[in-house]
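> Data file query-v7.cif (mmCIF, C-alpha atoms) is appended below.
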```cif
data_model
#
loop_
_atom_site.group_PDB
_atom_site.id
_atom_site.type_symbol
_atom_site.label_atom_id
_atom_site.label_comp_id
_atom_site.auth_asym_id
_atom_site.auth_seq_id
_atom_site.Cartn_x
_atom_site.Cartn_y
_atom_site.Cartn_z
ATOM 1 C CA MET A 1 -21.156 -23.339 0.301
ATOM 2 C CA GLU A 2 -22.983 -20.503 -1.445
ATOM 3 C CA ASN A 3 -26.177 -19.931 -3.324
ATOM 4 C CA LYS A 4 -25.630 -20.425 -7.031
ATOM 5 C CA ASN A 5 -28.992 -18.975 -8.049
ATOM 6 C CA THR A 6 -27.924 -16.205 -10.419
ATOM 7 C CA SER A 7 -31.468 -15.060 -11.272
ATOM 8 C CA ARG A 8 -32.039 -13.263 -7.968
ATOM 9 C CA ASN A 9 -31.455 -9.582 -7.285
ATOM 10 C CA PRO A 10 -27.847 -9.300 -5.997
ATOM 11 C CA PHE A 11 -28.065 -5.719 -4.717
ATOM 12 C CA PRO A 12 -29.651 -6.449 -1.299
ATOM 13 C CA TRP A 13 -26.879 -8.950 -0.545
ATOM 14 C CA ILE A 14 -24.188 -6.572 -1.781
ATOM 15 C CA GLY A 15 -25.698 -3.934 0.498
ATOM 16 C CA LYS A 16 -25.642 -6.289 3.485
ATOM 17 C CA VAL A 17 -21.983 -7.159 2.890
ATOM 18 C CA CYS A 18 -21.145 -3.463 2.554
ATOM 19 C CA LYS A 19 -23.061 -2.587 5.731
ATOM 20 C CA TYR A 20 -21.252 -5.311 7.670
ATOM 21 C CA GLU A 21 -17.829 -4.189 6.416
ATOM 22 C CA LEU A 22 -18.559 -0.525 7.112
ATOM 23 C CA LYS A 23 -19.623 -1.379 10.659
ATOM 24 C CA HIS A 24 -16.299 -3.045 11.413
ATOM 25 C CA SER A 25 -13.981 -0.641 9.556
ATOM 26 C CA SER A 26 -15.687 2.522 10.854
ATOM 27 C CA ARG A 27 -14.607 1.708 14.414
ATOM 28 C CA ILE A 28 -11.040 2.495 13.417
ATOM 29 C CA LEU A 29 -11.342 4.909 10.498
ATOM 30 C CA VAL A 30 -14.000 7.340 11.770
ATOM 31 C CA PRO A 31 -11.932 8.468 14.819
ATOM 32 C CA ILE A 32 -8.922 9.021 12.554
ATOM 33 C CA TYR A 33 -10.926 11.170 10.114
ATOM 34 C CA ILE A 34 -12.390 13.166 12.999
ATOM 35 C CA ALA A 35 -8.861 13.711 14.326
ATOM 36 C CA ILE A 36 -7.759 15.069 10.928
ATOM 37 C CA ILE A 37 -10.539 17.675 10.896
ATOM 38 C CA ALA A 38 -9.952 18.594 14.554
ATOM 39 C CA LEU A 39 -6.199 19.058 14.037
ATOM 40 C CA ALA A 40 -6.803 21.091 10.881
ATOM 41 C CA LEU A 41 -9.178 23.364 12.794
ATOM 42 C CA MET A 42 -6.753 23.824 15.706
ATOM 43 C CA THR A 43 -3.936 24.552 13.250
ATOM 44 C CA GLY A 44 -6.100 27.037 11.375
ATOM 45 C CA LEU A 45 -6.966 28.894 14.591
ATOM 46 C CA PHE A 46 -3.288 29.336 15.500
ATOM 47 C CA ILE A 47 -1.734 30.027 12.063
ATOM 48 C CA PRO A 48 -0.644 33.680 11.967
ATOM 49 C CA VAL A 49 -2.089 35.889 9.239
ATOM 50 C CA SER A 50 0.244 38.413 7.571
ATOM 51 C CA SER A 51 -0.710 42.001 6.794
ATOM 52 C CA ASP A 52 -1.638 41.131 3.205
ATOM 53 C CA GLY A 53 -4.127 38.491 4.371
ATOM 54 C CA GLY A 54 -1.919 35.497 3.575
ATOM 55 C CA PHE A 55 -0.768 32.857 6.022
ATOM 56 C CA ASN A 56 2.692 32.825 7.578
ATOM 57 C CA PHE A 57 4.025 29.277 7.775
ATOM 58 C CA SER A 58 7.357 30.266 9.382
ATOM 59 C CA PHE A 59 6.474 28.585 12.659
ATOM 60 C CA SER A 60 8.664 29.303 15.668
ATOM 61 C CA PHE A 61 8.296 29.433 19.456
ATOM 62 C CA ASN A 62 10.733 32.327 19.552
ATOM 63 C CA ILE A 63 10.888 35.286 17.145
ATOM 64 C CA ASN A 64 13.569 37.949 17.626
ATOM 65 C CA GLY A 65 14.039 36.863 21.215
ATOM 66 C CA ASN A 66 10.333 37.103 22.039
ATOM 67 C CA GLU A 67 8.169 34.166 22.962
ATOM 68 C CA ASN A 68 5.603 33.338 20.298
ATOM 69 C CA TRP A 69 3.756 30.312 21.606
ATOM 70 C CA THR A 70 0.824 30.626 19.169
ATOM 71 C CA ASP A 71 3.115 30.238 16.142
ATOM 72 C CA GLY A 72 4.862 27.345 17.837
ATOM 73 C CA LEU A 73 1.569 25.594 18.541
ATOM 74 C CA ALA A 74 0.457 26.178 14.955
ATOM 75 C CA GLY A 75 3.648 24.523 13.713
ATOM 76 C CA PHE A 76 3.196 21.607 16.113
ATOM 77 C CA PHE A 77 -0.437 21.029 15.105
ATOM 78 C CA PHE A 78 0.457 21.413 11.420
ATOM 79 C CA MET A 79 3.123 18.723 11.717
ATOM 80 C CA ILE A 80 0.765 16.349 13.556
ATOM 81 C CA TYR A 81 -1.937 17.090 10.964
ATOM 82 C CA TRP A 82 0.211 15.790 8.091
ATOM 83 C CA ILE A 83 1.384 12.820 10.150
ATOM 84 C CA ILE A 84 -2.245 11.848 10.817
ATOM 85 C CA ILE A 85 -3.073 12.178 7.100
ATOM 86 C CA ILE A 86 -0.271 9.765 6.189
ATOM 87 C CA VAL A 87 -1.320 7.409 8.984
ATOM 88 C CA ALA A 88 -4.948 7.586 7.823
ATOM 89 C CA GLY A 89 -3.969 6.494 4.308
ATOM 90 C CA VAL A 90 -1.879 3.580 5.549
ATOM 91 C CA VAL A 91 -4.458 2.491 8.126
ATOM 92 C CA THR A 92 -7.328 2.667 5.606
ATOM 93 C CA ILE A 93 -5.514 0.345 3.211
ATOM 94 C CA SER A 94 -4.494 -1.938 6.070
ATOM 95 C CA VAL A 95 -7.983 -2.171 7.587
ATOM 96 C CA ILE A 96 -9.730 -2.897 4.280
ATOM 97 C CA SER A 97 -7.070 -5.432 3.302
ATOM 98 C CA LYS A 98 -7.298 -7.210 6.664
ATOM 99 C CA ARG A 99 -11.103 -7.276 6.484
ATOM 100 C CA PHE A 100 -10.843 -9.026 3.117
ATOM 101 C CA LYS A 101 -8.245 -11.465 4.405
ATOM 102 C CA HIS A 102 -10.116 -12.350 7.592
ATOM 103 C CA GLY A 103 -13.538 -12.339 5.970
ATOM 104 C CA LEU A 104 -12.832 -14.504 2.931
ATOM 105 C CA LEU A 105 -9.495 -16.182 3.604
ATOM 106 C CA GLY A 106 -9.195 -16.344 7.383
ATOM 107 C CA ASP A 107 -11.156 -17.171 10.510
ATOM 108 C CA GLU A 108 -14.456 -15.701 9.291
ATOM 109 C CA ALA A 109 -14.279 -17.327 5.851
ATOM 110 C CA TYR A 110 -16.103 -20.545 6.750
ATOM 111 C CA LEU A 111 -19.030 -18.595 8.194
ATOM 112 C CA ASN A 112 -19.176 -15.996 5.418
ATOM 113 C CA LEU A 113 -18.938 -18.539 2.614
ATOM 114 C CA SER A 114 -21.672 -20.661 4.182
ATOM 115 C CA LEU A 115 -24.111 -17.769 3.812
ATOM 116 C CA PRO A 116 -26.405 -17.555 0.753
ATOM 117 C CA VAL A 117 -24.094 -14.934 -0.782
ATOM 118 C CA THR A 118 -22.139 -15.512 -3.985
ATOM 119 C CA MET A 119 -18.438 -14.737 -4.267
ATOM 120 C CA GLY A 120 -19.258 -11.915 -6.664
ATOM 121 C CA GLU A 121 -21.591 -10.352 -4.090
ATOM 122 C CA HIS A 122 -18.916 -10.668 -1.403
ATOM 123 C CA LEU A 123 -16.408 -8.861 -3.621
ATOM 124 C CA TRP A 124 -18.814 -6.184 -4.853
ATOM 125 C CA GLY A 125 -19.884 -5.451 -1.281
ATOM 126 C CA ARG A 126 -16.269 -4.893 -0.336
ATOM 127 C CA ILE A 127 -15.578 -2.820 -3.457
ATOM 128 C CA LEU A 128 -18.548 -0.609 -2.554
ATOM 129 C CA THR A 129 -17.125 -0.266 0.961
ATOM 130 C CA MET A 130 -13.709 0.823 -0.290
ATOM 131 C CA PHE A 131 -15.353 3.309 -2.673
ATOM 132 C CA ILE A 132 -17.359 4.819 0.191
ATOM 133 C CA TRP A 133 -14.204 5.226 2.246
ATOM 134 C CA ALA A 134 -12.391 6.752 -0.736
ATOM 135 C CA VAL A 135 -15.161 9.340 -1.141
ATOM 136 C CA THR A 136 -15.184 9.941 2.612
ATOM 137 C CA SER A 137 -11.448 10.566 2.684
ATOM 138 C CA LEU A 138 -11.751 13.103 -0.136
ATOM 139 C CA VAL A 139 -14.553 14.939 1.686
ATOM 140 C CA VAL A 140 -12.515 14.925 4.901
ATOM 141 C CA MET A 141 -9.507 16.382 3.074
ATOM 142 C CA MET A 142 -11.651 19.171 1.583
ATOM 143 C CA ILE A 143 -13.174 19.989 4.972
ATOM 144 C CA SER A 144 -9.760 19.957 6.644
ATOM 145 C CA PHE A 145 -8.366 22.307 3.990
ATOM 146 C CA ILE A 146 -11.200 24.762 4.661
ATOM 147 C CA ALA A 147 -10.547 24.403 8.408
ATOM 148 C CA LEU A 148 -6.881 25.292 7.851
ATOM 149 C CA CYS A 149 -7.991 28.539 6.221
ATOM 150 C CA ILE A 150 -10.643 29.336 8.854
ATOM 151 C CA LYS A 151 -9.019 32.669 9.776
ATOM 152 C CA ASN A 152 -9.168 33.998 6.241
ATOM 153 C CA LEU A 153 -11.335 31.981 3.843
ATOM 154 C CA SER A 154 -10.738 34.574 1.133
ATOM 155 C CA VAL A 155 -7.347 32.951 0.397
ATOM 156 C CA ILE A 156 -9.299 30.110 -1.206
ATOM 157 C CA HIS A 157 -9.734 31.247 -4.778
ATOM 158 C CA PHE A 158 -10.247 29.453 -8.050
ATOM 159 C CA GLU A 159 -8.373 30.154 -11.245
ATOM 160 C CA GLU A 160 -9.674 29.679 -14.757
ATOM 161 C CA GLY A 161 -10.221 26.026 -15.572
ATOM 162 C CA TRP A 162 -10.223 24.992 -11.896
ATOM 163 C CA LEU A 163 -13.382 22.912 -12.281
ATOM 164 C CA VAL A 164 -11.828 20.695 -14.962
ATOM 165 C CA THR A 165 -8.702 20.194 -12.862
ATOM 166 C CA MET A 166 -10.563 19.542 -9.616
ATOM 167 C CA PHE A 167 -12.921 17.028 -11.221
ATOM 168 C CA GLY A 168 -9.898 15.311 -12.753
ATOM 169 C CA VAL A 169 -8.172 15.128 -9.359
ATOM 170 C CA ILE A 170 -11.312 13.616 -7.809
ATOM 171 C CA LEU A 171 -11.638 10.970 -10.527
ATOM 172 C CA PHE A 172 -7.919 10.205 -10.364
ATOM 173 C CA SER A 173 -8.001 9.848 -6.561
ATOM 174 C CA LEU A 174 -11.081 7.622 -6.518
ATOM 175 C CA SER A 175 -9.874 5.435 -9.391
ATOM 176 C CA TRP A 176 -6.421 4.757 -7.981
ATOM 177 C CA SER A 177 -7.702 4.404 -4.425
ATOM 178 C CA VAL A 178 -9.973 1.557 -5.544
ATOM 179 C CA CYS A 179 -7.124 0.193 -7.673
ATOM 180 C CA ILE A 180 -4.742 0.064 -4.694
ATOM 181 C CA HIS A 181 -7.300 -1.721 -2.536
ATOM 182 C CA LEU A 182 -8.061 -4.267 -5.264
ATOM 183 C CA PHE A 183 -4.317 -4.745 -5.640
ATOM 184 C CA THR A 184 -4.128 -5.760 -1.969
ATOM 185 C CA TYR A 185 -7.058 -8.144 -2.546
ATOM 186 C CA LEU A 186 -5.234 -9.731 -5.463
ATOM 187 C CA ILE A 187 -1.996 -10.084 -3.508
ATOM 188 C CA ASN A 188 -3.801 -11.802 -0.631
ATOM 189 C CA ALA A 189 -5.628 -14.106 -3.046
ATOM 190 C CA ILE A 190 -2.409 -15.051 -4.838
ATOM 191 C CA GLY A 191 -0.642 -15.649 -1.536
ATOM 192 C CA HIS A 192 -3.438 -17.964 -0.452
ATOM 193 C CA LEU A 193 -2.805 -20.187 -3.464
ATOM 194 C CA SER A 194 0.448 -21.264 -1.864
ATOM 195 C CA LYS A 195 0.079 -23.674 1.062
ATOM 196 C CA LYS A 196 3.581 -23.335 2.557
ATOM 197 C CA HIS A 197 5.256 -20.169 1.273
ATOM 198 C CA ARG A 198 2.479 -17.582 1.272
ATOM 199 C CA THR A 199 4.664 -14.644 2.309
ATOM 200 C CA MET A 200 7.147 -15.398 -0.453
ATOM 201 C CA ALA A 201 4.322 -15.790 -2.971
ATOM 202 C CA LYS A 202 2.909 -12.409 -1.945
ATOM 203 C CA LEU A 203 6.314 -10.735 -2.201
ATOM 204 C CA ILE A 204 6.932 -12.126 -5.683
ATOM 205 C CA ALA A 205 3.427 -11.080 -6.768
ATOM 206 C CA ILE A 206 3.933 -7.538 -5.430
ATOM 207 C CA ILE A 207 7.233 -7.125 -7.285
ATOM 208 C CA ALA A 208 5.922 -8.608 -10.528
ATOM 209 C CA ILE A 209 2.581 -6.751 -10.613
ATOM 210 C CA THR A 210 3.933 -3.360 -9.531
ATOM 211 C CA SER A 211 6.752 -3.666 -12.072
ATOM 212 C CA VAL A 212 4.343 -4.367 -14.932
ATOM 213 C CA THR A 213 1.861 -1.725 -13.787
ATOM 214 C CA SER A 214 4.485 1.006 -13.395
ATOM 215 C CA ARG A 215 6.137 0.218 -16.740
ATOM 216 C CA ILE A 216 2.840 0.309 -18.622
ATOM 217 C CA THR A 217 1.655 3.486 -16.886
ATOM 218 C CA GLY A 218 5.035 5.190 -17.335
ATOM 219 C CA ALA A 219 5.198 4.314 -21.034
ATOM 220 C CA ILE A 220 1.684 5.621 -21.640
ATOM 221 C CA MET A 221 2.402 8.866 -19.764
ATOM 222 C CA ALA A 222 5.676 9.456 -21.602
ATOM 223 C CA ASN A 223 4.470 8.730 -25.120
ATOM 224 C CA TRP A 224 0.756 9.356 -25.420
ATOM 225 C CA LEU A 225 -0.709 11.477 -22.641
ATOM 226 C CA PRO A 226 -0.911 15.298 -22.832
ATOM 227 C CA HIS A 227 0.836 17.073 -19.974
ATOM 228 C CA ASP A 228 -2.129 19.115 -18.787
ATOM 229 C CA ALA A 229 -5.299 18.673 -16.731
ATOM 230 C CA ILE A 230 -6.663 16.166 -19.258
ATOM 231 C CA MET A 231 -3.868 13.798 -18.240
ATOM 232 C CA LEU A 232 -5.664 13.298 -14.905
ATOM 233 C CA TYR A 233 -8.691 11.893 -16.733
ATOM 234 C CA TRP A 234 -6.563 9.481 -18.725
ATOM 235 C CA LEU A 235 -4.727 8.371 -15.582
ATOM 236 C CA ALA A 236 -8.082 7.837 -13.875
ATOM 237 C CA PHE A 237 -9.138 5.688 -16.838
ATOM 238 C CA ILE A 238 -5.897 3.697 -16.609
ATOM 239 C CA GLY A 239 -6.523 3.172 -12.904
ATOM 240 C CA LEU A 240 -10.028 1.952 -13.726
ATOM 241 C CA ILE A 241 -8.647 -0.558 -16.244
ATOM 242 C CA PHE A 242 -6.158 -1.930 -13.718
ATOM 243 C CA SER A 243 -8.945 -2.082 -11.126
ATOM 244 C CA VAL A 244 -11.068 -4.198 -13.471
ATOM 245 C CA ILE A 245 -8.120 -6.507 -14.169
ATOM 246 C CA TYR A 246 -7.222 -6.893 -10.487
ATOM 247 C CA GLY A 247 -10.856 -7.438 -9.548
ATOM 248 C CA PHE A 248 -11.488 -10.012 -12.277
ATOM 249 C CA VAL A 249 -8.350 -12.028 -11.462
ATOM 250 C CA THR A 250 -9.181 -11.901 -7.742
ATOM 251 C CA TYR A 251 -12.703 -13.145 -8.477
ATOM 252 C CA PHE A 252 -11.347 -15.952 -10.650
ATOM 253 C CA ILE A 253 -8.953 -17.083 -7.898
ATOM 254 C CA MET A 254 -11.575 -16.851 -5.160
ATOM 255 C CA GLU A 255 -14.289 -18.556 -7.193
ATOM 256 C CA LEU A 256 -12.309 -21.398 -8.724
ATOM 257 C CA ARG A 257 -9.141 -21.809 -6.685
ATOM 258 C CA LEU A 258 -10.122 -20.957 -3.122
ATOM 259 C CA ASN A 259 -8.733 -23.390 -0.557
ATOM 260 C CA LEU A 260 -9.363 -22.676 3.127
ATOM 261 C CA GLU A 261 -7.284 -25.549 4.428
#
```
Now, as a test, write the supplied structure out as structure tokens.


Amino acid sequence: MENKNTSRNPFPWIGKVCKYELKHSSRILVPIYIAIIALALMTGLFIPVSSDGGFNFSFSFNINGNENWTDGLAGFFFMIYWIIIIVAGVVTISVISKRFKHGLLGDEAYLNLSLPVTMGEHLWGRILTMFIWAVTSLVVMMISFIALCIKNLSVIHFEEGWLVTMFGVILFSLSWSVCIHLFTYLINAIGHLSKKHRTMAKLIAIIAITSVTSRITGAIMANWLPHDAIMLYWLAFIGLIFSVIYGFVTYFIMELRLNLE
């Protein structure tokens, strides 16, 4: 069903898989990310600025008996802004997970697996896609934060050691974002091993894997990691290790145990 010639250059095929996945997922995710930036900008334009240059987040349509519709609108947009951020995270995971399920385990699987693309190239193309969306979401969050402060950008200031912390946050976010997506891949692959009770198999896998992952991560954090900015780098490394494990097991299942019946 796939080309087993391992001597060829895999990158063009990985790129094609990534391009195809981005085309489908962008139809849903791009409008959501645009909405986040737009809502952040509208919120930033209405947020009242206090006399000391800071922002007043005590939103109310009525202050001391007087109508204050601008503050009320700022509060409304601010609430919707955070709702959209939460929705964006859930939808991103859902879209990427469903693309994997439909593309390699569902209706599109027969077509995709008949192409001259190896299982490794299919997975790497999807991993590259999820990484691109993870980077995009971080950029969108940074832009939206700046948009929130559009009335007074001077409130954005950096303390000593901010670069180390920020870089750690970026690595942590990217590492665990990829880890979560690969976790959903693994759960779908495990569920597909069962012919009759796939939902139950997925549920058991979720409970078992999250339990082991959380116990290991919690033990490492409690006993070995320093409680400062460096901890972010170690957590990012832990997320990378789990990502490798999830990805390898998913590849093993898809390569050797895949059954589309």

> What's the 10 Å shell around Trp124 in chain A, counting all atoms listed in the file, without same-chain residues fewer than 5 positions away, as a ChimeraX atom specification?

/A:10-11,13-15,17-18,118-119,129-130,247,251

> Taking the file above as input, evaluate the PyMOL selection byres ((chain A and resi 22) around 10) and report the hits as a PyMOL selection string.

chain A and resi 16-21+23-27+29+96+125-126+128-130+132-133

> Check which residues satisfy the PyMOL selection byres ((chain A and resi 45) around 8) in the file shown, then give them as number ranges by chain.

A: 41-44, 46-47, 74, 148, 150-151

> Neighbouring residues of range 184-190 of chain A were defined as those with any atom within 8 Å, considering only C-alpha atoms; residues of the same chain fewer than 5 positions away were excluded. Please report them as a list of chain:residue names.

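So the residues in contact are A:Ser97, A:Phe100, A:Lys101, A:Leu105, A:Ala201, A:Lys202, A:Ala205, A:Ile206, A:Tyr246, A:Gly247, A:Val249, A:Thr250, A:Ile253, A:Met254.
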
> Starting from the displayed file, determine the output of the PyMOL selection byres ((chain A and resi 171-178) around 10) and express the residue list as a ChimeraX atom specification.

/A:89,93,127-135,137-138,165-170,179-183,231-244,247

> If I take CA of Met142 in chain A and CA of Ile37 in chain A, how far is one from the other in Å, to one decimal?

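So the two atoms, CA of Met142 in chain A and CA of Ile37 in chain A, lie 9.5 Å apart.
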
> Which value, in Å to one decimal, gives the distance between CA of Ile83 in chain A and CA of Pro48 in chain A?

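These atoms are spaced 21.0 Å apart.
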
> I'd like the interatomic distance between CA of Leu73 in chain A and CA of Val30 in chain A, to a tenth of an Å.

24.9 Å
